[in-house]
>>> print(open('protein_19.txt').read())   # compact mmCIF, C-alpha atoms
# COMPACT_ATOMS: atom_id res chain seq x y z
CA MET V 1 146.85 -58.24 -22.24
CA LYS V 2 147.48 -58.18 -18.52
CA LEU V 3 146.65 -55.85 -15.64
CA TYR V 4 149.18 -55.67 -12.83
CA ASP V 5 147.26 -55.15 -9.63
CA TRP V 6 147.81 -54.68 -5.90
CA ASN V 7 144.66 -55.47 -4.05
CA ILE V 8 145.18 -53.18 -1.03
CA ALA V 9 146.32 -50.08 -2.97
CA PRO V 10 143.83 -47.35 -3.90
CA ASN V 11 144.93 -46.67 -7.49
CA PRO V 12 144.48 -50.18 -8.92
CA ARG V 13 140.99 -50.18 -7.42
CA ARG V 14 140.06 -47.24 -9.65
CA VAL V 15 140.74 -49.46 -12.67
CA ARG V 16 139.06 -52.54 -11.18
CA ILE V 17 135.82 -50.62 -10.51
CA PHE V 18 135.99 -49.02 -13.97
CA LEU V 19 136.32 -52.45 -15.62
CA ALA V 20 133.50 -53.87 -13.49
CA GLU V 21 131.22 -51.02 -14.61
CA LYS V 22 132.11 -51.74 -18.24
CA GLY V 23 131.71 -55.49 -17.80
CA ILE V 24 135.24 -56.12 -19.08
CA GLU V 25 137.39 -58.95 -17.75
CA VAL V 26 141.16 -58.66 -18.00
CA PRO V 27 143.70 -61.21 -16.75
CA THR V 28 145.40 -59.77 -13.68
CA GLU V 29 148.51 -60.46 -11.68
CA GLU V 30 148.96 -59.44 -8.05
CA VAL V 31 152.35 -57.75 -7.65
CA GLY V 32 152.26 -56.47 -4.07
CA GLU V 33 153.69 -58.18 -1.03
CA GLY V 34 153.37 -56.64 2.45
CA PHE V 35 154.25 -52.97 2.05
CA GLU V 36 156.31 -53.50 -1.10
CA LEU V 37 155.97 -54.18 -4.78
CA LYS V 38 157.69 -57.40 -5.80
CA LYS V 39 161.23 -57.04 -7.11
CA GLU V 40 160.54 -58.68 -10.48
CA TYR V 41 157.70 -56.25 -11.03
CA LEU V 42 159.85 -53.21 -10.21
CA GLU V 43 162.36 -54.44 -12.77
CA LYS V 44 159.63 -54.73 -15.39
CA ASN V 45 157.92 -51.39 -14.74
CA PRO V 46 160.24 -48.36 -14.84
CA HIS V 47 157.49 -46.24 -13.30
CA ARG V 48 157.47 -48.44 -10.18
CA THR V 49 153.78 -47.93 -9.44
CA VAL V 50 150.52 -49.83 -9.77
CA PRO V 51 148.32 -50.29 -11.70
CA LEU V 52 150.04 -51.15 -14.99
CA LEU V 53 148.43 -52.44 -18.17
CA GLU V 54 150.52 -54.50 -20.55
CA LEU V 55 149.12 -54.64 -24.08
CA ASP V 56 149.62 -57.63 -26.37
CA ASP V 57 152.30 -55.75 -28.32
CA GLY V 58 154.27 -55.23 -25.10
CA THR V 59 153.31 -51.56 -24.60
CA LEU V 60 153.18 -50.65 -20.91
CA ILE V 61 150.46 -48.21 -19.84
CA SER V 62 151.04 -46.78 -16.38
CA GLU V 63 148.68 -44.44 -14.42
CA ALA V 64 145.10 -45.38 -13.55
CA PRO V 65 143.29 -42.71 -15.64
CA ALA V 66 145.45 -43.54 -18.69
CA ILE V 67 144.49 -47.21 -18.39
CA CYS V 68 140.84 -46.21 -18.08
CA ARG V 69 141.20 -44.00 -21.18
CA TYR V 70 142.39 -47.06 -23.11
CA PHE V 71 139.31 -49.06 -22.19
CA GLU V 72 136.94 -46.10 -22.63
CA THR V 73 138.13 -45.78 -26.23
CA GLU V 74 138.02 -49.51 -26.99
CA HIS V 75 134.71 -50.12 -25.17
CA PRO V 76 132.76 -46.83 -25.17
CA GLU V 77 129.62 -48.27 -23.54
CA PRO V 78 128.58 -47.39 -20.92
CA PRO V 79 130.42 -44.04 -21.14
CA LEU V 80 132.31 -43.37 -17.90
CA MET V 81 134.48 -40.46 -19.05
CA GLY V 82 131.81 -38.11 -20.40
CA ARG V 83 129.26 -38.02 -23.23
CA ASP V 84 130.05 -34.63 -24.76
CA ALA V 85 132.75 -31.97 -24.54
CA LYS V 86 131.44 -30.36 -21.37
CA GLU V 87 130.86 -33.61 -19.49
CA ARG V 88 134.25 -34.98 -20.57
CA ALA V 89 135.92 -31.86 -19.23
CA LEU V 90 133.99 -32.07 -15.96
CA VAL V 91 134.91 -35.74 -15.50
CA ASP V 92 138.59 -34.96 -16.02
CA MET V 93 138.36 -31.95 -13.72
CA TRP V 94 136.64 -33.69 -10.80
CA GLU V 95 138.77 -36.77 -11.15
CA ARG V 96 141.84 -34.60 -10.85
CA LYS V 97 140.42 -32.70 -7.87
CA ALA V 98 139.74 -36.00 -6.08
CA GLU V 99 143.16 -37.41 -6.82
CA LEU V 100 145.35 -34.32 -6.53
CA GLU V 101 143.72 -32.91 -3.40
CA GLY V 102 142.24 -35.88 -1.54
CA GLY V 103 144.35 -38.75 -2.85
CA GLN V 104 147.67 -36.96 -2.58
CA GLY V 105 146.73 -35.65 0.85
CA ALA V 106 145.92 -39.13 2.14
CA GLY V 107 149.11 -40.41 0.54
CA GLU V 108 151.13 -37.77 2.39
CA VAL V 109 149.63 -38.87 5.70
CA LEU V 110 150.31 -42.56 5.11
CA ARG V 111 153.71 -42.43 3.49
CA ASN V 112 155.27 -39.84 5.78
CA GLY V 113 153.99 -41.43 8.95
CA LEU V 114 154.43 -45.17 8.61
CA PRO V 115 157.85 -46.74 9.33
CA PRO V 116 157.76 -49.19 6.37
CA TYR V 117 157.74 -46.19 4.02
CA ALA V 118 160.93 -44.64 5.41
CA ASP V 119 162.83 -43.38 2.34
CA ARG V 120 159.80 -44.18 0.17
CA ALA V 121 157.63 -41.19 1.04
CA LEU V 122 156.57 -40.88 -2.60
CA ALA V 123 155.61 -43.86 -4.75
CA GLY V 124 157.42 -44.50 -8.01
CA TYR V 125 160.97 -43.38 -7.26
CA SER V 126 164.12 -45.51 -7.41
CA VAL V 127 166.05 -42.91 -5.40
CA PRO V 128 165.35 -42.45 -1.66
CA ILE V 129 162.55 -40.00 -0.85
CA PRO V 130 162.85 -39.36 2.93
CA GLN V 131 159.78 -38.93 5.09
CA ILE V 132 158.94 -35.37 6.21
CA GLU V 133 157.01 -35.30 9.46
CA GLN V 134 155.21 -32.02 8.69
CA LEU V 135 153.59 -33.60 5.64
CA VAL V 136 151.46 -35.81 7.90
CA GLU V 137 149.70 -32.71 9.24
CA ARG V 138 149.57 -31.06 5.83
CA GLY V 139 148.02 -34.21 4.37
CA LYS V 140 145.27 -34.15 6.99
CA VAL V 141 144.44 -30.55 6.07
CA ARG V 142 144.26 -31.52 2.40
CA VAL V 143 141.91 -34.45 3.08
CA ALA V 144 139.66 -32.17 5.17
CA GLU V 145 139.56 -29.62 2.35
CA PHE V 146 138.84 -32.40 -0.17
CA TYR V 147 135.87 -33.55 1.90
CA LYS V 148 134.53 -30.00 2.13
CA LYS V 149 134.87 -29.42 -1.61
CA MET V 150 133.25 -32.74 -2.54
CA ASP V 151 130.43 -32.16 -0.09
CA GLU V 152 129.70 -28.76 -1.61
CA ARG V 153 129.74 -30.12 -5.15
CA LEU V 154 127.51 -33.07 -4.24
CA GLY V 155 125.01 -30.65 -2.76
CA GLU V 156 124.44 -29.24 -6.25
CA ALA V 157 124.80 -32.39 -8.41
CA THR V 158 123.89 -36.09 -8.15
CA PHE V 159 127.34 -37.19 -9.23
CA LEU V 160 130.60 -35.25 -9.41
CA ALA V 161 130.40 -34.54 -13.15
CA GLY V 162 126.62 -33.94 -13.09
CA ASP V 163 123.79 -36.36 -13.82
CA ASN V 164 125.88 -39.38 -14.75
CA PHE V 165 128.10 -41.70 -12.72
CA SER V 166 131.66 -41.44 -14.04
CA LEU V 167 135.31 -42.14 -13.42
CA ALA V 168 135.36 -39.01 -11.25
CA ASP V 169 133.02 -40.78 -8.81
CA ILE V 170 135.12 -43.93 -8.95
CA THR V 171 138.29 -42.04 -8.07
CA ALA V 172 136.59 -40.02 -5.32
CA LEU V 173 135.16 -43.25 -3.88
CA CYS V 174 138.59 -44.91 -3.83
CA VAL V 175 140.14 -41.82 -2.25
CA THR V 176 137.39 -41.58 0.40
CA ASP V 177 137.65 -45.25 1.33
CA PHE V 178 141.45 -45.06 1.42
CA ALA V 179 141.36 -41.96 3.66
CA THR V 180 138.85 -43.70 5.90
CA ILE V 181 141.10 -46.77 6.23
CA ILE V 182 144.02 -44.62 7.37
CA GLY V 183 141.88 -42.94 10.03
CA LEU V 184 140.39 -39.95 8.22
CA PRO V 185 136.69 -40.76 7.76
CA VAL V 186 134.13 -38.41 6.20
CA PRO V 187 133.02 -35.91 8.89
CA ASP V 188 129.36 -36.13 9.95
CA GLU V 189 128.61 -32.61 8.73
CA CYS V 190 129.34 -33.66 5.12
CA ALA V 191 125.80 -34.91 4.54
CA ASN V 192 125.91 -34.61 0.75
CA LEU V 193 129.12 -36.54 0.53
CA LYS V 194 127.69 -39.23 2.83
CA ARG V 195 124.54 -39.50 0.66
CA TRP V 196 126.69 -39.93 -2.44
CA HIS V 197 129.08 -42.33 -0.73
CA ALA V 198 126.23 -44.62 0.28
CA GLU V 199 124.88 -44.58 -3.29
CA VAL V 200 128.13 -45.29 -5.12
CA SER V 201 129.16 -47.89 -2.52
CA ALA V 202 125.91 -49.77 -3.19
CA ARG V 203 126.81 -50.32 -6.86
CA PRO V 204 128.07 -53.88 -7.43
CA SER V 205 131.28 -52.49 -8.95
CA ALA V 206 132.33 -51.06 -5.57
CA ALA V 207 133.24 -54.56 -4.44
CA ALA V 208 135.95 -54.74 -7.11
CA MET S 1 133.30 -18.26 -23.41
CA LYS S 2 136.32 -16.89 -21.61
CA LEU S 3 139.72 -18.25 -20.58
CA TYR S 4 141.16 -16.89 -17.34
CA ASP S 5 144.90 -16.73 -17.78
CA TRP S 6 148.05 -15.78 -15.91
CA ASN S 7 150.83 -15.12 -18.32
CA ILE S 8 153.77 -16.09 -16.07
CA ALA S 9 152.27 -19.33 -14.68
CA PRO S 10 153.12 -22.69 -16.25
CA ASN S 11 149.64 -24.29 -16.26
CA PRO S 12 147.81 -21.66 -18.32
CA ARG S 13 150.60 -21.91 -20.89
CA ARG S 14 149.66 -25.57 -21.45
CA VAL S 15 146.24 -24.40 -22.62
CA ARG S 16 147.57 -21.46 -24.64
CA ILE S 17 149.94 -23.72 -26.60
CA PHE S 18 147.18 -26.30 -27.08
CA LEU S 19 144.83 -23.65 -28.50
CA ALA S 20 147.59 -22.26 -30.75
CA GLU S 21 148.20 -25.76 -32.17
CA LYS S 22 144.47 -26.12 -32.84
CA GLY S 23 144.18 -22.63 -34.30
CA ILE S 24 141.44 -21.71 -31.84
CA GLU S 25 141.06 -18.19 -30.48
CA VAL S 26 139.33 -17.70 -27.14
CA PRO S 27 138.80 -14.37 -25.34
CA THR S 28 141.09 -14.28 -22.34
CA GLU S 29 141.40 -12.27 -19.15
CA GLU S 30 144.63 -11.88 -17.21
CA VAL S 31 143.93 -12.54 -13.53
CA GLY S 32 147.39 -12.53 -11.96
CA GLU S 33 149.10 -9.62 -10.28
CA GLY S 34 152.62 -9.90 -8.87
CA PHE S 35 152.73 -13.22 -6.99
CA GLU S 36 148.96 -13.33 -6.41
CA LEU S 37 145.72 -14.03 -8.18
CA LYS S 38 143.38 -11.03 -8.10
CA LYS S 39 140.82 -11.04 -5.30
CA GLU S 40 137.77 -10.83 -7.59
CA TYR S 41 139.04 -13.87 -9.45
CA LEU S 42 139.53 -15.90 -6.27
CA GLU S 43 135.95 -15.08 -5.32
CA LYS S 44 134.73 -16.30 -8.69
CA ASN S 45 136.75 -19.52 -8.85
CA PRO S 46 136.37 -21.81 -5.81
CA HIS S 47 139.36 -23.85 -7.02
CA ARG S 48 141.62 -20.77 -6.75
CA THR S 49 143.93 -21.82 -9.56
CA VAL S 50 144.59 -20.92 -13.19
CA PRO S 51 143.71 -21.64 -15.94
CA LEU S 52 139.91 -21.57 -15.80
CA LEU S 53 137.50 -21.82 -18.72
CA GLU S 54 134.07 -20.29 -18.36
CA LEU S 55 131.53 -21.64 -20.83
CA ASP S 56 128.64 -19.56 -22.17
CA ASP S 57 126.21 -21.36 -19.82
CA GLY S 58 128.34 -20.31 -16.84
CA THR S 59 129.98 -23.72 -16.27
CA LEU S 60 133.49 -23.33 -14.85
CA ILE S 61 136.11 -25.81 -16.06
CA SER S 62 139.23 -25.83 -13.90
CA GLU S 63 142.45 -27.81 -14.53
CA ALA S 64 144.54 -27.46 -17.70
CA PRO S 65 144.04 -31.01 -19.10
CA ALA S 66 140.27 -30.81 -18.50
CA ILE S 67 140.13 -27.56 -20.48
CA CYS S 68 142.16 -29.18 -23.25
CA ARG S 69 139.77 -32.16 -23.23
CA TYR S 70 136.89 -29.75 -23.85
CA PHE S 71 138.55 -28.30 -26.94
CA GLU S 72 139.83 -31.69 -28.17
CA THR S 73 136.22 -32.93 -28.23
CA GLU S 74 134.78 -29.80 -29.82
CA HIS S 75 137.63 -29.35 -32.33
CA PRO S 76 139.19 -32.78 -32.94
CA GLU S 77 141.61 -31.63 -35.65
CA PRO S 78 144.55 -31.79 -35.37
CA PRO S 79 144.32 -34.50 -32.70
CA LEU S 80 146.53 -33.63 -29.73
CA MET S 81 145.27 -36.19 -27.22
CA GLY S 82 145.71 -39.39 -29.24
CA ARG S 83 144.32 -40.98 -32.40
CA ASP S 84 143.41 -44.42 -31.08
CA ALA S 85 143.05 -46.18 -27.73
CA LYS S 86 146.74 -46.88 -27.27
CA GLU S 87 147.91 -43.41 -28.25
CA ARG S 88 145.25 -41.77 -26.10
CA ALA S 89 146.41 -43.79 -23.11
CA LEU S 90 150.05 -42.92 -23.80
CA VAL S 91 149.25 -39.20 -24.07
CA ASP S 92 147.43 -39.27 -20.73
CA MET S 93 150.20 -41.30 -19.14
CA TRP S 94 153.11 -39.12 -20.28
CA GLU S 95 151.22 -35.94 -19.57
CA ARG S 96 150.68 -37.15 -16.02
CA LYS S 97 154.32 -38.18 -15.64
CA ALA S 98 155.44 -34.72 -16.74
CA GLU S 99 153.04 -32.90 -14.47
CA LEU S 100 153.07 -35.15 -11.40
CA GLU S 101 156.81 -35.76 -11.30
CA GLY S 102 158.40 -32.73 -12.99
CA GLY S 103 155.73 -30.10 -12.54
CA GLN S 104 154.97 -30.89 -8.93
CA GLY S 105 158.68 -31.15 -8.16
CA ALA S 106 159.39 -27.70 -9.61
CA GLY S 107 156.34 -26.36 -7.78
CA GLU S 108 157.70 -27.70 -4.49
CA VAL S 109 161.01 -25.91 -5.07
CA LEU S 110 159.39 -22.59 -5.92
CA ARG S 111 156.56 -22.48 -3.42
CA ASN S 112 158.49 -23.74 -0.40
CA GLY S 113 161.48 -21.51 -1.01
CA LEU S 114 160.15 -18.12 -2.01
CA PRO S 115 159.01 -15.66 0.71
CA PRO S 116 155.90 -14.43 -1.20
CA TYR S 117 154.50 -17.98 -0.98
CA ALA S 118 154.70 -18.22 2.83
CA ASP S 119 151.51 -19.99 3.89
CA ARG S 120 150.69 -20.67 0.22
CA ALA S 121 153.02 -23.58 -0.38
CA LEU S 122 150.34 -25.33 -2.43
CA ALA S 123 148.19 -23.55 -5.00
CA GLY S 124 144.42 -23.66 -4.71
CA TYR S 125 143.84 -23.63 -0.94
CA SER S 126 141.91 -21.05 1.04
CA VAL S 127 143.45 -22.31 4.29
CA PRO S 128 147.13 -21.62 5.08
CA ILE S 129 149.57 -24.21 3.72
CA PRO S 130 152.89 -23.45 5.47
CA GLN S 131 156.19 -23.81 3.64
CA ILE S 132 158.31 -26.86 4.46
CA GLU S 133 162.00 -26.27 3.88
CA GLN S 134 162.80 -29.92 3.16
CA LEU S 135 160.45 -29.87 0.15
CA VAL S 136 162.85 -27.57 -1.69
CA GLU S 137 165.46 -30.32 -1.73
CA ARG S 138 162.87 -33.01 -2.45
CA GLY S 139 161.55 -30.98 -5.37
CA LYS S 140 165.03 -30.76 -6.89
CA VAL S 141 165.36 -34.54 -6.70
CA ARG S 142 162.00 -34.94 -8.42
CA VAL S 143 162.93 -32.56 -11.25
CA ALA S 144 166.23 -34.42 -11.76
CA GLU S 145 164.35 -37.74 -11.93
CA PHE S 146 161.82 -36.21 -14.34
CA TYR S 147 164.62 -35.11 -16.66
CA LYS S 148 166.19 -38.58 -16.56
CA LYS S 149 162.89 -40.31 -17.31
CA MET S 150 162.00 -37.94 -20.16
CA ASP S 151 165.48 -38.28 -21.63
CA GLU S 152 165.21 -42.05 -21.63
CA ARG S 153 161.77 -41.99 -23.25
CA LEU S 154 162.85 -39.48 -25.90
CA GLY S 155 165.75 -41.76 -26.80
CA GLU S 156 163.23 -44.34 -27.99
CA ALA S 157 160.47 -42.12 -29.46
CA THR S 158 160.26 -38.86 -31.42
CA PHE S 159 157.62 -37.44 -29.10
CA LEU S 160 156.52 -38.55 -25.65
CA ALA S 161 153.49 -40.51 -26.82
CA GLY S 162 155.25 -41.88 -29.92
CA ASP S 163 155.25 -40.56 -33.49
CA ASN S 164 152.89 -37.63 -32.99
CA PHE S 165 153.23 -34.33 -31.15
CA SER S 166 150.62 -34.22 -28.36
CA LEU S 167 149.48 -32.57 -25.16
CA ALA S 168 152.06 -34.68 -23.34
CA ASP S 169 154.80 -32.77 -25.17
CA ILE S 170 153.08 -29.46 -24.45
CA THR S 171 152.96 -30.18 -20.72
CA ALA S 172 156.53 -31.49 -20.62
CA LEU S 173 157.69 -28.36 -22.48
CA CYS S 174 155.92 -26.07 -20.01
CA VAL S 175 157.36 -28.02 -17.07
CA THR S 176 160.88 -27.96 -18.52
CA ASP S 177 160.77 -24.22 -19.23
CA PHE S 178 159.30 -23.53 -15.78
CA ALA S 179 161.99 -25.62 -14.06
CA THR S 180 164.65 -23.82 -16.12
CA ILE S 181 163.31 -20.41 -15.07
CA ILE S 182 163.56 -21.34 -11.39
CA GLY S 183 167.17 -22.44 -11.80
CA LEU S 184 166.87 -26.12 -12.72
CA PRO S 185 167.85 -26.36 -16.40
CA VAL S 186 168.07 -29.61 -18.38
CA PRO S 187 171.46 -31.23 -17.61
CA ASP S 188 173.88 -31.50 -20.55
CA GLU S 189 173.88 -35.28 -20.42
CA CYS S 190 170.17 -35.39 -21.35
CA ALA S 191 170.89 -35.22 -25.09
CA ASN S 192 167.56 -36.76 -26.16
CA LEU S 193 165.60 -34.34 -24.04
CA LYS S 194 167.62 -31.44 -25.45
CA ARG S 195 166.98 -32.62 -29.03
CA TRP S 196 163.25 -32.81 -28.33
CA HIS S 197 163.22 -29.49 -26.46
CA ALA S 198 164.79 -27.68 -29.40
CA GLU S 199 162.23 -29.24 -31.76
CA VAL S 200 159.10 -28.49 -29.76
CA SER S 201 160.37 -25.00 -28.86
CA ALA S 202 160.73 -24.23 -32.58
CA ARG S 203 157.01 -24.76 -33.21
CA PRO S 204 155.19 -21.41 -33.51
CA SER S 205 152.82 -22.48 -30.70
CA ALA S 206 155.67 -22.43 -28.17
CA ALA S 207 155.50 -18.63 -28.17
CA ALA S 208 151.97 -18.78 -26.74
>>> encode(input="protein_19.txt", output="structure tokens")
Amino acid sequence: MKLYDWNIAPNPRRVRIFLAEKGIEVPTEEVGEGFELKKEYLEKNPHRTVPLLELDDGTLISEAPAICRYFETEHPEPPLMGRDAKERALVDMWERKAELEGGQGAGEVLRNGLPPYADRALAGYSVPIPQIEQLVERGKVRVAEFYKKMDERLGEATFLAGDNFSLADITALCVTDFATIIGLPVPDECANLKRWHAEVSARPSAAA
Amino acid sequence: MKLYDWNIAPNPRRVRIFLAEKGIEVPTEEVGEGFELKKEYLEKNPHRTVPLLELDDGTLISEAPAICRYFETEHPEPPLMGRDAKERALVDMWERKAELEGGQGAGEVLRNGLPPYADRALAGYSVPIPQIEQLVERGKVRVAEFYKKMDERLGEATFLAGDNFSLADITALCVTDFATIIGLPVPDECANLKRWHAEVSARPSAAA
């Protein structure tokens, strides 16, 4: 088994934190170089993204939450994807909100604004995807809305899915830190989100 | 328990087919009207999208795969989200590929090109999201790449996650039918995808 990783990218970090919380060690290989994925890796992985998990039988599992699902099923303790039907649904829901609103918004800002991503404005494509300048502004709006939504939710619950730390928190942490790195930090008025961010960042897994 | 539905939208159909495959009946309410969601519904659901599942304790579960996760846990038979760790990961992975590449691509074409969606180019926002003309072309490229990827996968496996019909097939079916409706049918050269599409469309659940 091997995990293909790219240390600076936000999506592999979701898996690294998840594994650290579970106490699982997996051999990893770094496949990023500058702003690119290495050529040999792109030839191996038709999905052209990180992270990627290669099982011993050669099966390739792409997509961070799918990789986490593999480990959640093989190593259920501690549960990070929900303990019953309702919590499982809430983990999936909040993880998607964090990724599809915040993560995609931050991705739009980065990939449509930075020269090295010219013609690679979306990850995972072998055909050119040109940058669209207006998506930089749209991405900023999406990140702002993500922060507002998370702040509201974290005013009514300790963690995104309720009482228990979960993959939803891991993804929202990675998205928040990624947005911060590209110049979109959590606004001061989001006190609940800041409380939560300090708490989840203090877990040892956050260093992963 | 109640499922908030919009008959013409692709995401609620994912849940309807899933429930039909499980043989579960849930009271539903239609909340769409023309090109809009009804105002009372938007006030109820802060996520402003369909489908939405309301549990008896008032919990709101948004996002189609999260709703399916709820029912998969409560009613495991027949399994539609994987039977073991590897299959579960492959279901999640292929479901995401279908939605994030094909579904989002088709959504870009529709929402950035159709006048009723002016300032609502992304679903789920309470702030204006202006249309961006270039996303219509980008969306078409994404749908074409989705078809190619699905066709390749379905040349090596009966269903997207392998030997068993799953939520990944349900989502890919809904995406394919939605793309077809907006003028982007499966190209003739995608023979594997066409074989699979005929098979999954012949299941009684496809009428849901």
>>> interface_residues(input="protein_19.txt", of="chain S", to="chain V", cutoff="10 Å", atoms="all atoms listed in the file", output="JSON, numbers by chain")
{"S": [46, 47, 55, 59, 60, 61, 62, 63, 64, 65, 66, 67, 68, 69, 70, 71, 72, 73, 74, 75, 83, 84, 85, 86, 87, 88, 89, 90, 91, 92, 93, 94, 95, 96, 97, 100, 101, 122, 124, 125, 126, 127, 128, 129, 130, 131, 132, 133, 134, 135, 138, 141, 142, 145, 149]}
>>> atom_distance(input="protein_19.txt", atom1="atom CA of S:Ala168", atom2="atom CA of S:Ser201")
13.9 Å
>>> residues_around(input="protein_19.txt", residues="stretch 28-45 of chain V", least_positions_apart="5", cutoff="6 Å", atoms="only C-alpha atoms", output="list in words")
Lys2, Leu3, Tyr4, Asp5 and Trp6 of chain V
>>> residues_around(input="protein_19.txt", residues="stretch 190-196 of chain V", least_positions_apart="6", cutoff="6 Å", atoms="all atoms listed in the file", output="list in words")
Asp151, Leu154 and Gly155 of chain V
>>> closest_residue(input="protein_19.txt", among="V:Ser166, V:Asp119, V:Asp177, V:Val186", to="V:Ala144", atoms="only C-alpha atoms")
V:Val186
>>> atom_distance(input="protein_19.txt", atom1="atom CA of S:Asn11", atom2="atom CA of V:Thr158")
29.5 Å
>>> atom_distance(input="protein_19.txt", atom1="atom CA of V:Cys174", atom2="atom CA of V:Lys148")
16.6 Å
>>> residues_around(input="protein_19.txt", residues="S:Arg203", least_positions_apart="6", cutoff="12 Å", atoms="all atoms listed in the file", output="JSON list (two decimals) with C-alpha atoms, keeping the file's coordinate frame")
[["chain", "number", "residue", "atom", "x", "y", "z"],
["S", 17, "ILE", "CA", 149.94, -23.72, -26.60],
["S", 18, "PHE", "CA", 147.18, -26.30, -27.08],
["S", 20, "ALA", "CA", 147.59, -22.26, -30.75],
["S", 21, "GLU", "CA", 148.20, -25.76, -32.17],
["S", 165, "PHE", "CA", 153.23, -34.33, -31.15],
["S", 169, "ASP", "CA", 154.80, -32.77, -25.17],
["S", 170, "ILE", "CA", 153.08, -29.46, -24.45],
["S", 173, "LEU", "CA", 157.69, -28.36, -22.48],
["S", 196, "TRP", "CA", 163.25, -32.81, -28.33],
["S", 197, "HIS", "CA", 163.22, -29.49, -26.46]]
>>> residues_around(input="protein_19.txt", residues="V:Leu114", least_positions_apart="4", cutoff="10 Å", atoms="all atoms listed in the file", output="CSV table (one decimal) with C-alpha atoms, keeping the file's coordinate frame")
chain,number,residue,atom,x,y,z
V,109,VAL,CA,149.6,-38.9,5.7
V,110,LEU,CA,150.3,-42.6,5.1
V,118,ALA,CA,160.9,-44.6,5.4
V,121,ALA,CA,157.6,-41.2,1.0
V,131,GLN,CA,159.8,-38.9,5.1
V,136,VAL,CA,151.5,-35.8,7.9
>>> closest_residue(input="protein_19.txt", among="S:Gly82, S:Pro204, S:Pro76, S:Gly183", to="S:Asp163", atoms="all atoms listed in the file")
S:Gly82
>>> closest_residue(input="protein_19.txt", among="S:Val200, S:Ile24, S:Ala157, S:Val50", to="S:Ile8", atoms="all atoms listed in the file")
S:Val50
>>> residues_around(input="protein_19.txt", residues="V:Gly103", least_positions_apart="5", cutoff="10 Å", atoms="all atoms listed in the file", output="NGL selection string")
:V and (10-11 or 96-98 or 108 or 139 or 142-143 or 146 or 171-172 or 174-176 or 178-179)
>>> decode(input="protein_19.txt", residues="stretch 123-135 of chain S", atoms="N, CA and C atoms", output="tab-separated table (two decimals), in the first residue's frame")
chain	number	residue	atom	x	y	z
S	123	ALA	N	-25.86	27.29	-7.58
S	123	ALA	CA	-26.98	27.01	-6.68
S	123	ALA	C	-26.53	27.20	-5.24
S	124	GLY	N	-27.47	27.61	-4.38
S	124	GLY	CA	-27.20	27.57	-2.95
S	124	GLY	C	-26.70	28.85	-2.32
S	125	TYR	N	-26.60	29.93	-3.10
S	125	TYR	CA	-26.09	31.19	-2.54
S	125	TYR	C	-27.21	32.20	-2.35
S	126	SER	N	-27.12	32.97	-1.26
S	126	SER	CA	-28.10	34.04	-1.06
S	126	SER	C	-27.57	35.35	-1.63
S	127	VAL	N	-26.28	35.41	-1.91
S	127	VAL	CA	-25.70	36.60	-2.56
S	127	VAL	C	-25.69	36.35	-4.08
S	128	PRO	N	-25.66	37.44	-4.88
S	128	PRO	CA	-25.69	37.25	-6.33
S	128	PRO	C	-24.41	36.56	-6.83
S	129	ILE	N	-24.56	35.59	-7.69
S	129	ILE	CA	-23.41	34.94	-8.35
S	129	ILE	C	-23.63	35.17	-9.85
S	130	PRO	N	-22.95	36.20	-10.41
S	130	PRO	CA	-23.20	36.55	-11.82
S	130	PRO	C	-22.79	35.43	-12.78
S	131	GLN	N	-23.47	35.38	-13.91
S	131	GLN	CA	-23.09	34.44	-14.95
S	131	GLN	C	-21.75	34.84	-15.57
S	132	ILE	N	-21.00	33.85	-16.01
S	132	ILE	CA	-19.71	34.09	-16.69
S	132	ILE	C	-19.77	33.30	-18.00
S	133	GLU	N	-19.79	34.03	-19.10
S	133	GLU	CA	-20.04	33.40	-20.40
S	133	GLU	C	-19.05	32.29	-20.71
S	134	GLN	N	-17.78	32.52	-20.33
S	134	GLN	CA	-16.76	31.52	-20.68
S	134	GLN	C	-16.99	30.16	-20.00
S	135	LEU	N	-17.78	30.16	-18.92
S	135	LEU	CA	-18.03	28.89	-18.22
S	135	LEU	C	-18.94	27.96	-19.02
